[in-house]
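Visitor: To start, I am sharing the structure in question, which I have written as structure tokens.
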Amino acid sequence: MPPIVFHPAYEAALPEGHRFPMRKYGRLAELLRERGLVPDGFVTPEPADAALLSGAHDPAYVQAVLDARVPPAIERAIGLPVTESVVARSRASSGGTLCAARLALEHGLAGSTAGGSHHARRAGGAGFCVFNDVAVASLALKREGRIRRALVVDLDVHQGDGTADCLAREPDLFTLSVHCERNYPHDKVPGDLDIGLPDGLGDADYLAVLAARLPPLVEGFAPDLVFYNAGVDPHRDDRLGRLNLTDEGLAARDRFVVGLAVAKRIPLCAVIGGGYGSDVDAIAARHAFVFEAMAAV
């Protein structure tokens, strides 16, 4: 089985009634255990420290978060209270993606049961994202000489503006975002390849876009590692979506991306990205699709 990373801090404490479905992280871990996908247990990551986080973010912003003293305007943009629990979650999530990326380089496939915080830009967080874990991990691996090129395949329903911002000066760290064009964020940051989709797009048309655009990109760019943001908010029932994918469409999407990486012998690190609504069990079950796809391979 491909290794899977989890940290208890992934599920932070939020005020009663907060609209972010924080419980999905713990529920996803429970589902993966129940389905036999972690027979040897989860890998526990080391939370990211200030030096690691500052590789992708402004050091002043990093320190403000670690001190839980983020300016009110940035805290409002994040949409989460920057408390000790949320800070611990954000550090663990970034450390977890880096841990999963290292495991992917070793084993071929690996994933973290958090991550995909792609709205966090260099100077500050936004959209429920405090630190940009994929940017943190990809920049760290490049500095270490572990990789020369990485491809970020971001299939969350929202454009990966923060990742594009953090990696803007890194031509060897390529960002692909396939998202609903009329959705958040409104002030998009252009990435290396942005594919904006119309509202209401369903399974067949969505998968056709992937089949046409992703294989030639992977073939031409030839990355040493793929970071796959497998957000499940393109689902038809997602509260913040606007696309029309079914469970079957999301599962087919994950099998396609994982299968392509395996066929090309390119290591893949999966993170879970967005998924919103009140039915935490259904959201967690959708997040499990990418881990099931890796296990099937």
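Going through the structure tokens in order, the chains are called A, B, and so on, while each chain numbers its residues from 1 and the ligands are numbered from 1 in the order shown.
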Set the distance at 6 Å and use only C-alpha atoms: which residues neighbour Ala270 (chain A) once local chain neighbours fewer than 2 positions away are removed? I'd like the list as a VMD selection string.

Guide: chain A and resid 111 227 to 228

Visitor: Just to be explicit: take each residue in the selection above, keep C-alpha atoms, and write the result as an mmCIF file, in the first residue's frame.

Guide:
data_model
loop_
_atom_site.group_PDB
_atom_site.id
_atom_site.type_symbol
_atom_site.label_atom_id
_atom_site.label_comp_id
_atom_site.auth_asym_id
_atom_site.auth_seq_id
_atom_site.Cartn_x
_atom_site.Cartn_y
_atom_site.Cartn_z
ATOM 1 C CA GLY A 111 -0.449 11.082 0.002
ATOM 2 C CA PHE A 227 1.828 17.230 -6.664
ATOM 3 C CA TYR A 228 -1.836 16.339 -7.156
#

Visitor: Could you pull the residues within 9 Å of region 116-133 of chain A, counting only C-alpha atoms, minus those fewer than 3 positions along the same chain, as a PyMOL selection string?

Guide: chain A and resi 20+53-54+56-62+65+74-80+82+86-87+90-91+93-98+136-138+154+156+158-167+184-185+228-231+270-274

Visitor: Excluding Arg213 (chain A) and its own-chain neighbours fewer than 4 positions away, which residues fall within 12 Å of it when counting only C-alpha atoms? Please give them as JSON, numbers by chain.

Guide: {"A": [153, 176, 177, 178, 193, 194, 195, 206, 207, 208, 209, 217, 218, 219, 220, 257]}

Visitor: So that I can see what lies close to Val5 (chain A), please list as a list in words the residues with an atom at most 6 Å from it, counting only C-alpha atoms and leaving out residues fewer than 3 positions away in the same chain.

Guide: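 Result of the neighbour search: Phe42, Val43, Thr44 and Ser112 of chain A.
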
Visitor: Among region 53-139 of chain A, which ones does DSSP assign to strand (DSSP E) (computed from the backbone)? Answer as a VMD selection string.

Guide: chain A and resid 109 to 112

Visitor: Show which residues sit within 9 Å of Val157 (chain A), as number ranges by chain. Count only C-alpha atoms, and ignore same-chain residues fewer than 4 positions away.

Guide: A: 177-181, 183-184, 231-235, 240-243, 274

Visitor: Need the shell around Arg23 (chain A): protein/DNA/RNA residues with any atom at most 8 Å away, counting only C-alpha atoms. Skip same-chain ones fewer than 2 positions apart. Format as a CSV table (one decimal) with N, CA and C atoms, in the first residue's frame?

Guide:
chain,number,residue,atom,x,y,z
A,11,GLU,N,-7.0,18.1,12.4
A,11,GLU,CA,-8.3,18.6,12.7
A,11,GLU,C,-8.3,19.6,13.9
A,21,PRO,N,-15.8,22.6,7.2
A,21,PRO,CA,-16.0,21.2,7.7
A,21,PRO,C,-14.8,20.6,8.3
A,25,TYR,N,-11.3,15.8,8.3
A,25,TYR,CA,-9.9,15.3,8.3
A,25,TYR,C,-9.9,14.0,9.2
A,26,GLY,N,-10.5,14.1,10.4
A,26,GLY,CA,-10.5,13.0,11.3
A,26,GLY,C,-11.3,11.9,10.7
A,27,ARG,N,-12.5,12.2,10.1
A,27,ARG,CA,-13.4,11.2,9.5
A,27,ARG,C,-12.7,10.5,8.3
A,280,VAL,N,-20.5,15.6,6.4
A,280,VAL,CA,-19.0,15.3,6.6
A,280,VAL,C,-18.7,13.9,6.1

Visitor: Enumerate, as an mmCIF file with N, CA and C atoms, in the first residue's frame, the complete set of residues in region 116-233 of chain A that a backbone-based DSSP assignment places in helix (DSSP H, G or I).

Guide:
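Dumped to part-v9.cif:
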data_model
loop_
_atom_site.group_PDB
_atom_site.id
_atom_site.type_symbol
_atom_site.label_atom_id
_atom_site.label_comp_id
_atom_site.auth_asym_id
_atom_site.auth_seq_id
_atom_site.Cartn_x
_atom_site.Cartn_y
_atom_site.Cartn_z
ATOM 1 N N ASP A 133 1.007 24.637 1.514
ATOM 2 C CA ASP A 133 1.808 23.443 1.769
ATOM 3 C C ASP A 133 2.516 22.915 0.525
ATOM 4 N N VAL A 134 1.872 22.954 -0.627
ATOM 5 C CA VAL A 134 2.503 22.446 -1.857
ATOM 6 C C VAL A 134 3.664 23.345 -2.264
ATOM 7 N N ALA A 135 3.502 24.659 -2.139
ATOM 8 C CA ALA A 135 4.616 25.563 -2.433
ATOM 9 C C ALA A 135 5.757 25.350 -1.452
ATOM 10 N N VAL A 136 5.441 25.221 -0.176
ATOM 11 C CA VAL A 136 6.468 24.971 0.842
ATOM 12 C C VAL A 136 7.253 23.708 0.497
ATOM 13 N N ALA A 137 6.541 22.627 0.193
ATOM 14 C CA ALA A 137 7.194 21.339 -0.059
ATOM 15 C C ALA A 137 7.997 21.348 -1.350
ATOM 16 N N SER A 138 7.432 21.887 -2.424
ATOM 17 C CA SER A 138 8.144 21.857 -3.710
ATOM 18 C C SER A 138 9.401 22.718 -3.669
ATOM 19 N N LEU A 139 9.320 23.877 -3.037
ATOM 20 C CA LEU A 139 10.501 24.738 -2.934
ATOM 21 C C LEU A 139 11.571 24.109 -2.053
ATOM 22 N N ALA A 140 11.163 23.449 -0.980
ATOM 23 C CA ALA A 140 12.138 22.790 -0.102
ATOM 24 C C ALA A 140 12.870 21.678 -0.842
ATOM 25 N N LEU A 141 12.143 20.857 -1.565
ATOM 26 C CA LEU A 141 12.766 19.748 -2.291
ATOM 27 C C LEU A 141 13.701 20.260 -3.385
ATOM 28 N N LYS A 142 13.318 21.371 -4.017
ATOM 29 C CA LYS A 142 14.191 21.940 -5.059
ATOM 30 C C LYS A 142 15.464 22.514 -4.429
ATOM 31 N N ARG A 143 15.347 23.185 -3.307
ATOM 32 C CA ARG A 143 16.539 23.716 -2.636
ATOM 33 C C ARG A 143 17.492 22.598 -2.227
ATOM 34 N N GLU A 144 16.926 21.481 -1.799
ATOM 35 C CA GLU A 144 17.732 20.345 -1.357
ATOM 36 C C GLU A 144 18.355 19.573 -2.515
ATOM 37 N N ASP A 161 -4.610 30.285 -6.965
ATOM 38 C CA ASP A 161 -3.967 31.601 -7.025
ATOM 39 C C ASP A 161 -2.748 31.695 -6.124
ATOM 40 N N GLY A 162 -2.835 31.130 -4.918
ATOM 41 C CA GLY A 162 -1.719 31.225 -3.987
ATOM 42 C C GLY A 162 -0.505 30.454 -4.451
ATOM 43 N N THR A 163 -0.724 29.278 -5.010
ATOM 44 C CA THR A 163 0.391 28.481 -5.514
ATOM 45 C C THR A 163 1.063 29.192 -6.684
ATOM 46 N N ALA A 164 0.237 29.774 -7.561
ATOM 47 C CA ALA A 164 0.795 30.544 -8.680
ATOM 48 C C ALA A 164 1.630 31.707 -8.167
ATOM 49 N N ASP A 165 1.173 32.366 -7.115
ATOM 50 C CA ASP A 165 1.900 33.500 -6.552
ATOM 51 C C ASP A 165 3.217 33.050 -5.918
ATOM 52 N N CYS A 166 3.163 32.001 -5.108
ATOM 53 C CA CYS A 166 4.372 31.545 -4.400
ATOM 54 C C CYS A 166 5.429 30.991 -5.352
ATOM 55 N N ASP A 203 -19.457 15.129 -15.727
ATOM 56 C CA ASP A 203 -18.390 14.126 -15.742
ATOM 57 C C ASP A 203 -17.698 13.989 -17.089
ATOM 58 N N ALA A 204 -18.472 13.711 -18.128
ATOM 59 C CA ALA A 204 -17.880 13.372 -19.427
ATOM 60 C C ALA A 204 -17.055 14.520 -19.985
ATOM 61 N N ASP A 205 -17.607 15.737 -19.940
ATOM 62 C CA ASP A 205 -16.885 16.887 -20.489
ATOM 63 C C ASP A 205 -15.657 17.218 -19.655
ATOM 64 N N TYR A 206 -15.764 17.095 -18.347
ATOM 65 C CA TYR A 206 -14.623 17.366 -17.466
ATOM 66 C C TYR A 206 -13.494 16.375 -17.749
ATOM 67 N N LEU A 207 -13.828 15.108 -17.818
ATOM 68 C CA LEU A 207 -12.804 14.089 -18.069
ATOM 69 C C LEU A 207 -12.196 14.239 -19.461
ATOM 70 N N ALA A 208 -12.990 14.724 -20.405
ATOM 71 C CA ALA A 208 -12.461 14.958 -21.754
ATOM 72 C C ALA A 208 -11.409 16.067 -21.745
ATOM 73 N N VAL A 209 -11.627 17.111 -20.949
ATOM 74 C CA VAL A 209 -10.635 18.178 -20.825
ATOM 75 C C VAL A 209 -9.331 17.621 -20.266
ATOM 76 N N LEU A 210 -9.427 16.811 -19.213
ATOM 77 C CA LEU A 210 -8.219 16.221 -18.633
ATOM 78 C C LEU A 210 -7.497 15.338 -19.635
ATOM 79 N N ALA A 211 -8.250 14.501 -20.336
ATOM 80 C CA ALA A 211 -7.641 13.573 -21.287
ATOM 81 C C ALA A 211 -6.935 14.306 -22.413
ATOM 82 N N ALA A 212 -7.453 15.479 -22.789
ATOM 83 C CA ALA A 212 -6.844 16.234 -23.886
ATOM 84 C C ALA A 212 -5.631 17.035 -23.434
ATOM 85 N N ARG A 213 -5.651 17.548 -22.195
ATOM 86 C CA ARG A 213 -4.629 18.506 -21.798
ATOM 87 C C ARG A 213 -3.528 17.938 -20.905
ATOM 88 N N LEU A 214 -3.851 16.980 -20.038
ATOM 89 C CA LEU A 214 -2.847 16.552 -19.063
ATOM 90 C C LEU A 214 -1.752 15.659 -19.647
ATOM 91 N N PRO A 215 -2.061 14.620 -20.444
ATOM 92 C CA PRO A 215 -0.970 13.764 -20.943
ATOM 93 C C PRO A 215 0.100 14.508 -21.730
ATOM 94 N N PRO A 216 -0.249 15.408 -22.660
ATOM 95 C CA PRO A 216 0.831 16.103 -23.370
ATOM 96 C C PRO A 216 1.639 17.023 -22.460
ATOM 97 N N LEU A 217 1.003 17.582 -21.433
ATOM 98 C CA LEU A 217 1.746 18.420 -20.493
ATOM 99 C C LEU A 217 2.758 17.588 -19.715
ATOM 100 N N VAL A 218 2.325 16.443 -19.212
ATOM 101 C CA VAL A 218 3.227 15.563 -18.470
ATOM 102 C C VAL A 218 4.361 15.088 -19.363
ATOM 103 N N GLU A 219 4.031 14.720 -20.584
ATOM 104 C CA GLU A 219 5.041 14.230 -21.528
ATOM 105 C C GLU A 219 6.058 15.321 -21.870
ATOM 106 N N GLY A 220 5.575 16.533 -22.105
ATOM 107 C CA GLY A 220 6.464 17.605 -22.531
ATOM 108 C C GLY A 220 7.290 18.192 -21.404
ATOM 109 N N PHE A 221 6.707 18.316 -20.212
ATOM 110 C CA PHE A 221 7.413 18.946 -19.100
ATOM 111 C C PHE A 221 8.334 17.968 -18.378
#

Visitor: With only C-alpha atoms as the basis for distance, which of A:Arg239, A:Val262, A:Met22, A:Gly41 is at the shortest distance from Gly277 (chain A)?

Guide: A:Arg239

Visitor: Would you pick out the contacts of Leu28 (chain A) at 12 Å or less, using only C-alpha atoms, so that residues sharing its chain but fewer than 2 positions from it are not included, and give the list as a PyMOL selection string?

Guide: chain A and resi 4-8+10-11+21-26+30-35+37-38+112-114+272+275+280-292
